[in-house]
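Reading through the structure tokens given below for one structure.
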Amino acid sequence: MTRAFLIVMDSVGCGGAPDADAFGDGGSNTLGHIAEACAAGRADEGRAGPLAMPNLARLGLGAATELASGLAPPGLDADPVGLWGAATEVSPGKDTPSGHWELAGVPVPWDWSYFPDTHPAFPAELLDRVQKIAGMTGTLANCHASGTEVIAAFGAEHLRTGWPICYTSVDSVFQIAAHEEAFGLDRLLELCAALAPSLHAQRVGRVIARPFVGTPETGFTRTANRRDYAVAPPKPTLCDWAAQDGRAVHAIGKIGDIFSMHGIADVVKGPDARLMEHLVAATETSHEGSLTFANFVEFDSLYGHRRDVAGYARALEWFDRCLPRFFSGLRPRDLALFTADHGNDPTWDGTDHTRERVPVVGCGVGARAIGQVAFEDVAASVATHLGLSERGSGRSFL
């Protein structure tokens with residue numbers, strides 16, 4: 001028996017999606033454009049020079065980007081010694097649940113519902129429901145907004161009135177920000193949990209609790225106690241396949257929320273630096289036959305949406321520097337795959353995710369070029385490696 005580690009670098013796309021034009025994203029390339037900016041000296045805040053990711057480059061990250069998009073990313077030109085290729089999504093969205101579910105073997109069979117980019121953004125009956133559950137006479141914001149900007153703009157009024165801050169984004173989400181101490185974390189979580197079923201019925205993908213702390217004088221900061229109340233996958237995923245065969249599925253980061261804990265034995269959450277420690281520890285503590293499924297979100301949440309090229313590059317380089325500790329804990333028959341759920345090109349217009357292919361690179365099976373594959377093939381390959389009885393409709397590349 002052996003173990004598998006499936007690691008999602010949230011939003012680290014590599015361009016080339018065949019339907020990118022339909023999303024307004026033709027030519028977007030998260031990895032490729034970051035690498036070009038670094039090589040040209042346009043991403044030197046807190047770092048300098050070409051994008052340095054020697055560990056993932058050696059597995060084939062640069063080759064995967066060139067395969068996906070035709071762009072050879074400067075600085076990532078090592079000859080691959082690992083498994084490498086690029087995956088293409090078929091689900092009709094470029095959001096977190098769609099990407100993760102399809103990587104786990106279940107493409108999304110419906111179109112998500114989105115709130116209009118208007119002010120107000122939400123129907124009156126939805127906000128009436130928020131007020132009734134929260135026991136308040138009003139809400140704040142009611143618009144598309146960045147999470148950090150919306151608490152800066154409405155945090156003081158929220159403390160004064162107690163009214164929840166309601167906002168959305170280009171994703172299929174309804175988000176509520178509230179002060180963790182003044183409003184109460186448990187109260188915020190209960191509010192979001194109560195709202196979620198009715199919004200899920202309307203194909204809104206997630207209701208997200210966004211707690212924060214601070215004062216108008218010191219500023220407001222979001223905490224690590226975010227909670228996503230997501231629509232459950234429409235049928236069993238890789239997590240369920242593993243659980244049905246008696247295998248433990250360990251979730252790191254947002255994975256538990258994204259899959260509504262279906263098939264998942266345990267979960268750890270926190271900022272990416274802490275999640276890396278959990279990932280390294282999992283190489284020591286996880287049992288034979290287990291799946292460790294991780295999501296590192298800060299590439300997307302802190303740098304992609306904010307179009308911060310240098311910050312994104314710093315995060316990529318930090319992640320790569322951490323990997324030798326992870327690799328040193330792997331056992332000879334373990335499989336580790338690194339991939340992404342969508343793109344979020346920080347050189348692109350707006351603040352939205354970008355429709356891209358994603359890299360698939362890994363170690364544990366030697367040097368292997370897998371070519372162009374489907375998102376579903378990732379699930380089939382992990383299931384094949386673990387010897388699961390269910391492998392979905394994808395094709396294993398192992």
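A note on labels: chains of the structure tokens are A, B, ... as shown, every chain counts residues from 1, and ligands are counted from 1 in their shown order.
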Residues near segment 27-30 of chain A, anyone? I mean within 9 Å using only C-alpha atoms, not counting same-chain ones fewer than 5 positions away, as a list in words.
Ser11, Val12, Gly13, Cys14, Gly15, Gly16, Ala17, Ala20, Asp21, Ala35, Thr65, Ser69, Leu71, Gly304, Gly343, Asn344, Asp345, Pro346, Thr347, Trp348, Thr354, Arg355, Glu356 and Arg357 of chain A
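When only C-alpha atoms are used to measure the gap to His287 of chain A, the shortest distance among A:Met9, A:Arg247, A:Ala242, A:Asp171 belongs to A:Arg247.
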Per-residue nearest contacts segment 276-380 of chain A to segment 134-153 of chain A, cut-off 12 Å, using only C-alpha atoms, as JSON lines:
{"residue": "A:Ser301", "atom": "CA", "partner": "A:Gly147", "partner_atom": "CA", "distance": 9.4}
{"residue": "A:Leu302", "atom": "CA", "partner": "A:Thr148", "partner_atom": "CA", "distance": 9.7}
{"residue": "A:Tyr303", "atom": "CA", "partner": "A:Ser146", "partner_atom": "CA", "distance": 12.0}
{"residue": "A:Gly304", "atom": "CA", "partner": "A:Ser146", "partner_atom": "CA", "distance": 11.9}
{"residue": "A:His305", "atom": "CA", "partner": "A:Ser146", "partner_atom": "CA", "distance": 8.4}
{"residue": "A:Arg306", "atom": "CA", "partner": "A:Ser146", "partner_atom": "CA", "distance": 8.4}
{"residue": "A:Arg307", "atom": "CA", "partner": "A:Ser146", "partner_atom": "CA", "distance": 11.9}
{"residue": "A:Gly350", "atom": "CA", "partner": "A:Ser146", "partner_atom": "CA", "distance": 11.6}
{"residue": "A:Thr351", "atom": "CA", "partner": "A:Ser146", "partner_atom": "CA", "distance": 8.8}
{"residue": "A:Asp352", "atom": "CA", "partner": "A:Ser146", "partner_atom": "CA", "distance": 10.8}
Please produce a file of those selected residues containing C-alpha atoms, as a PDB file, in the first residue's frame.
ATOM      1  CA  SER A 301      -6.657  35.665  -2.159  1.00  0.00           C
ATOM      2  CA  LEU A 302      -3.740  37.945  -1.326  1.00  0.00           C
ATOM      3  CA  TYR A 303      -2.067  38.496  -4.696  1.00  0.00           C
ATOM      4  CA  GLY A 304      -4.088  37.336  -7.709  1.00  0.00           C
ATOM      5  CA  HIS A 305      -7.299  39.225  -6.976  1.00  0.00           C
ATOM      6  CA  ARG A 306      -5.289  42.276  -5.928  1.00  0.00           C
ATOM      7  CA  ARG A 307      -3.224  42.136  -9.151  1.00  0.00           C
ATOM      8  CA  GLY A 350     -10.011  43.574 -13.353  1.00  0.00           C
ATOM      9  CA  THR A 351      -9.882  41.386 -10.244  1.00  0.00           C
ATOM     10  CA  ASP A 352     -11.446  38.138 -11.479  1.00  0.00           C
TER      11      ASP A 352
END
For the structure I just gave you, how does DSSP split segment 180-321 of chain A - specifically, which residues are alpha helix (DSSP H)? Reply as a short mmCIF file (atom, residue, chain, number, x, y, z; two decimals) with N, CA and C atoms, in the first residue's frame.
data_model
loop_
_atom_site.label_atom_id
_atom_site.label_comp_id
_atom_site.auth_asym_id
_atom_site.auth_seq_id
_atom_site.Cartn_x
_atom_site.Cartn_y
_atom_site.Cartn_z
N LEU A 185 -17.99 35.53 16.77
CA LEU A 185 -17.68 34.55 15.73
C LEU A 185 -18.76 33.49 15.61
N ASP A 186 -19.21 32.92 16.71
CA ASP A 186 -20.24 31.89 16.64
C ASP A 186 -21.52 32.43 16.02
N ARG A 187 -21.85 33.64 16.34
CA ARG A 187 -23.06 34.25 15.78
C ARG A 187 -22.93 34.43 14.28
N LEU A 188 -21.76 34.84 13.81
CA LEU A 188 -21.53 34.98 12.37
C LEU A 188 -21.64 33.63 11.67
N LEU A 189 -21.02 32.60 12.24
CA LEU A 189 -21.07 31.27 11.63
C LEU A 189 -22.51 30.74 11.60
N GLU A 190 -23.25 30.96 12.66
CA GLU A 190 -24.64 30.51 12.70
C GLU A 190 -25.48 31.25 11.65
N LEU A 191 -25.23 32.53 11.47
CA LEU A 191 -25.94 33.30 10.46
C LEU A 191 -25.69 32.74 9.07
N CYS A 192 -24.43 32.50 8.74
CA CYS A 192 -24.09 32.00 7.41
C CYS A 192 -24.63 30.59 7.19
N ALA A 193 -24.56 29.75 8.23
CA ALA A 193 -25.08 28.39 8.11
C ALA A 193 -26.59 28.40 7.87
N ALA A 194 -27.30 29.32 8.51
CA ALA A 194 -28.75 29.40 8.34
C ALA A 194 -29.14 29.89 6.95
N LEU A 195 -28.34 30.78 6.37
CA LEU A 195 -28.63 31.32 5.04
C LEU A 195 -28.28 30.35 3.92
N ALA A 196 -27.28 29.50 4.16
CA ALA A 196 -26.71 28.70 3.08
C ALA A 196 -27.71 27.83 2.32
N PRO A 197 -28.62 27.09 2.98
CA PRO A 197 -29.48 26.18 2.21
C PRO A 197 -30.32 26.87 1.14
N SER A 198 -30.89 28.02 1.46
CA SER A 198 -31.73 28.70 0.48
C SER A 198 -30.91 29.24 -0.68
N LEU A 199 -29.70 29.73 -0.40
CA LEU A 199 -28.84 30.22 -1.49
C LEU A 199 -28.29 29.08 -2.32
N HIS A 200 -27.97 27.96 -1.70
CA HIS A 200 -27.54 26.79 -2.46
C HIS A 200 -28.64 26.33 -3.41
N ALA A 201 -29.89 26.42 -2.97
CA ALA A 201 -31.01 26.01 -3.83
C ALA A 201 -31.11 26.88 -5.08
N LEU A 238 -13.46 11.92 -5.33
CA LEU A 238 -12.29 11.17 -4.91
C LEU A 238 -12.26 11.00 -3.39
N CYS A 239 -12.65 12.03 -2.66
CA CYS A 239 -12.65 11.93 -1.19
C CYS A 239 -13.59 10.82 -0.73
N ASP A 240 -14.77 10.73 -1.34
CA ASP A 240 -15.73 9.69 -0.98
C ASP A 240 -15.24 8.31 -1.42
N TRP A 241 -14.63 8.25 -2.62
CA TRP A 241 -14.12 6.95 -3.09
C TRP A 241 -13.12 6.39 -2.10
N ALA A 242 -12.22 7.27 -1.61
CA ALA A 242 -11.21 6.82 -0.66
C ALA A 242 -11.86 6.38 0.66
N ALA A 243 -12.80 7.20 1.15
CA ALA A 243 -13.45 6.88 2.42
C ALA A 243 -14.23 5.57 2.33
N GLN A 244 -14.89 5.33 1.18
CA GLN A 244 -15.65 4.10 1.01
C GLN A 244 -14.77 2.86 1.08
N ILE A 255 -10.09 22.66 1.86
CA ILE A 255 -10.63 21.44 1.27
C ILE A 255 -11.89 20.96 1.99
N GLY A 256 -11.87 21.00 3.31
CA GLY A 256 -13.05 20.57 4.05
C GLY A 256 -14.29 21.36 3.68
N ASP A 257 -14.15 22.69 3.57
CA ASP A 257 -15.28 23.53 3.20
C ASP A 257 -15.73 23.26 1.77
N ILE A 258 -14.78 23.15 0.85
CA ILE A 258 -15.12 22.99 -0.57
C ILE A 258 -15.91 21.72 -0.81
N ASP A 272 -1.25 30.20 5.02
CA ASP A 272 -0.46 29.25 4.23
C ASP A 272 0.81 28.79 4.94
N ALA A 273 1.46 29.68 5.68
CA ALA A 273 2.69 29.28 6.38
C ALA A 273 2.41 28.16 7.36
N ARG A 274 1.29 28.25 8.05
CA ARG A 274 0.92 27.19 8.99
C ARG A 274 0.52 25.92 8.25
N LEU A 275 -0.18 26.10 7.11
CA LEU A 275 -0.59 24.93 6.33
C LEU A 275 0.61 24.16 5.81
N MET A 276 1.67 24.88 5.46
CA MET A 276 2.89 24.19 5.01
C MET A 276 3.45 23.31 6.11
N GLU A 277 3.40 23.79 7.35
CA GLU A 277 3.87 22.97 8.46
C GLU A 277 3.03 21.71 8.60
N HIS A 278 1.72 21.85 8.41
CA HIS A 278 0.83 20.69 8.48
C HIS A 278 1.12 19.72 7.33
N LEU A 279 1.41 20.24 6.14
CA LEU A 279 1.72 19.38 5.01
C LEU A 279 3.00 18.58 5.28
N VAL A 280 4.02 19.26 5.77
CA VAL A 280 5.26 18.56 6.11
C VAL A 280 5.02 17.51 7.19
N ALA A 281 4.24 17.87 8.19
CA ALA A 281 3.95 16.93 9.28
C ALA A 281 3.19 15.72 8.78
N ALA A 282 2.34 15.92 7.76
CA ALA A 282 1.54 14.81 7.23
C ALA A 282 2.40 13.72 6.63
N THR A 283 3.59 14.07 6.15
CA THR A 283 4.47 13.04 5.61
C THR A 283 4.95 12.10 6.72
N GLU A 284 4.91 12.55 7.96
CA GLU A 284 5.33 11.73 9.09
C GLU A 284 4.16 11.01 9.75
N THR A 285 2.97 11.64 9.74
CA THR A 285 1.87 11.13 10.55
C THR A 285 0.80 10.37 9.77
N GLU A 298 -3.38 31.54 -0.60
CA GLU A 298 -2.95 32.94 -0.57
C GLU A 298 -2.41 33.45 -1.90
N VAL A 309 1.68 41.54 -8.77
CA VAL A 309 2.59 40.62 -9.45
C VAL A 309 3.77 40.26 -8.56
N ALA A 310 4.40 41.24 -7.94
CA ALA A 310 5.55 40.97 -7.09
C ALA A 310 5.16 40.12 -5.89
N GLY A 311 4.01 40.41 -5.30
CA GLY A 311 3.56 39.61 -4.16
C GLY A 311 3.30 38.17 -4.55
N TYR A 312 2.68 37.99 -5.72
CA TYR A 312 2.43 36.63 -6.22
C TYR A 312 3.75 35.91 -6.43
N ALA A 313 4.73 36.58 -7.04
CA ALA A 313 6.04 35.97 -7.27
C ALA A 313 6.70 35.60 -5.95
N ARG A 314 6.62 36.47 -4.95
CA ARG A 314 7.20 36.16 -3.65
C ARG A 314 6.56 34.92 -3.05
N ALA A 315 5.24 34.83 -3.17
CA ALA A 315 4.53 33.67 -2.62
C ALA A 315 4.93 32.38 -3.33
N LEU A 316 5.07 32.43 -4.64
CA LEU A 316 5.50 31.25 -5.38
C LEU A 316 6.90 30.82 -4.96
N GLU A 317 7.79 31.78 -4.81
CA GLU A 317 9.17 31.45 -4.43
C GLU A 317 9.23 30.92 -3.00
N TRP A 318 8.44 31.48 -2.09
CA TRP A 318 8.37 30.97 -0.72
C TRP A 318 7.89 29.52 -0.74
N PHE A 319 6.83 29.25 -1.48
CA PHE A 319 6.27 27.90 -1.54
C PHE A 319 7.33 26.92 -2.03
N ASP A 320 8.02 27.28 -3.09
CA ASP A 320 9.03 26.39 -3.66
C ASP A 320 10.17 26.15 -2.67
N ARG A 321 10.57 27.19 -1.95
CA ARG A 321 11.66 27.03 -0.98
C ARG A 321 11.30 26.06 0.14
#
Gap from atom CA of Pro359 of chain A to atom CA of Arg47 of chain A - Å, one decimal
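Going from atom CA of Pro359 of chain A over to atom CA of Arg47 of chain A covers 23.8 Å.
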Would you compute the distance between atom CA of Gly49 of chain A and atom CA of Glu36 of chain A? Give it in Å to one decimal.
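Value for the atom CA of Gly49 of chain A-atom CA of Glu36 of chain A distance: 10.4 Å.
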May I ask which of the residues A:His33, A:His100, A:His119, A:Arg129 is the closest one to Glu376 of chain A, counting only C-alpha atoms?
A:His100
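Closest to Ser286 of chain A among A:Ala248, A:Ala22, A:Val373, A:Leu388 is A:Ala248, based on only C-alpha atoms.
Ranking A:Arg203, A:His250, A:Arg222, A:Arg160 by their shortest atom-to-atom distance to Ile264 of chain A, with only C-alpha atoms included, puts A:His250 first.
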For atom CA of Ala340 of chain A and atom CA of Gly85 of chain A, the interatomic separation in Å (one decimal)
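Those two atoms sit 12.2 Å apart.
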Please determine, counting only C-alpha atoms, which residue among A:Arg325, A:His342, A:His353, A:Lys235 has the shortest atom-to-atom distance to Val90 of chain A.
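Closest candidate: A:His342.
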Please extract the residues of segment 135-326 of chain A with a backbone DSSP assignment of strand (DSSP E or B) and present them as a PyMOL selection string.
chain A and resi 140-144+165-168+173-179+206-215+219-222+227-230+249-252+266-268+291-296
Export, as a compact mmCIF listing (two decimals), in the first residue's frame, the selected residues with C-alpha atoms.
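Resulting contents of again15.txt:
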# COMPACT_ATOMS: atom_id res chain seq x y z
CA LEU A 140 -24.12 47.31 5.14
CA ALA A 141 -22.33 47.41 1.78
CA ASN A 142 -24.68 45.44 -0.55
CA CYS A 143 -22.19 45.47 -3.42
CA HIS A 144 -19.29 43.80 -5.20
CA ILE A 165 -21.42 43.69 6.05
CA CYS A 166 -22.82 41.87 3.00
CA TYR A 167 -20.87 41.74 -0.26
CA THR A 168 -20.01 39.52 -3.21
CA VAL A 173 -20.67 33.76 -3.48
CA PHE A 174 -22.53 35.66 -0.79
CA GLN A 175 -20.11 36.92 1.87
CA ILE A 176 -20.78 38.34 5.31
CA ALA A 177 -18.08 40.16 7.24
CA ALA A 178 -18.50 40.83 10.93
CA HIS A 179 -16.29 41.69 13.88
CA ARG A 206 -20.86 29.44 -1.34
CA VAL A 207 -21.91 31.50 1.65
CA ILE A 208 -18.71 32.71 3.28
CA ALA A 209 -18.24 33.96 6.84
CA ARG A 210 -15.47 36.60 6.93
CA PRO A 211 -14.61 37.47 10.55
CA PHE A 212 -12.28 40.36 11.32
CA VAL A 213 -10.82 42.17 14.31
CA GLY A 214 -9.48 45.64 15.02
CA THR A 215 -10.67 49.20 15.55
CA GLY A 219 -7.33 49.36 11.32
CA PHE A 220 -9.19 46.12 10.65
CA THR A 221 -7.69 42.72 9.85
CA ARG A 222 -9.39 39.53 8.71
CA ARG A 227 -15.71 29.47 7.00
CA ASP A 228 -17.14 28.54 3.60
CA TYR A 229 -20.60 26.96 3.48
CA ALA A 230 -20.44 25.39 0.03
CA VAL A 249 -8.64 11.60 3.75
CA HIS A 250 -6.77 14.41 5.50
CA ALA A 251 -7.80 17.92 4.44
CA ILE A 252 -5.44 20.89 4.67
CA ASP A 266 -10.08 15.56 9.52
CA VAL A 267 -9.15 19.08 8.55
CA VAL A 268 -6.62 21.72 9.57
CA LEU A 291 -4.89 10.74 0.81
CA THR A 292 -3.72 14.15 1.98
CA PHE A 293 -5.58 16.83 -0.01
CA ALA A 294 -4.28 20.39 0.45
CA ASN A 295 -5.18 23.86 -0.79
CA PHE A 296 -2.83 26.85 -0.51
Which residues come within 6 Å of Phe338 of chain A, counting only C-alpha atoms, excluding same-chain residues fewer than 3 positions away, as a PyMOL selection string?
chain A and resi 7-8+360-362
If you count only C-alpha atoms, the residue of A:Gly263, A:Pro120, A:Gly184, A:Gly24 closest to Gly162 of chain A turns out to be A:Gly184
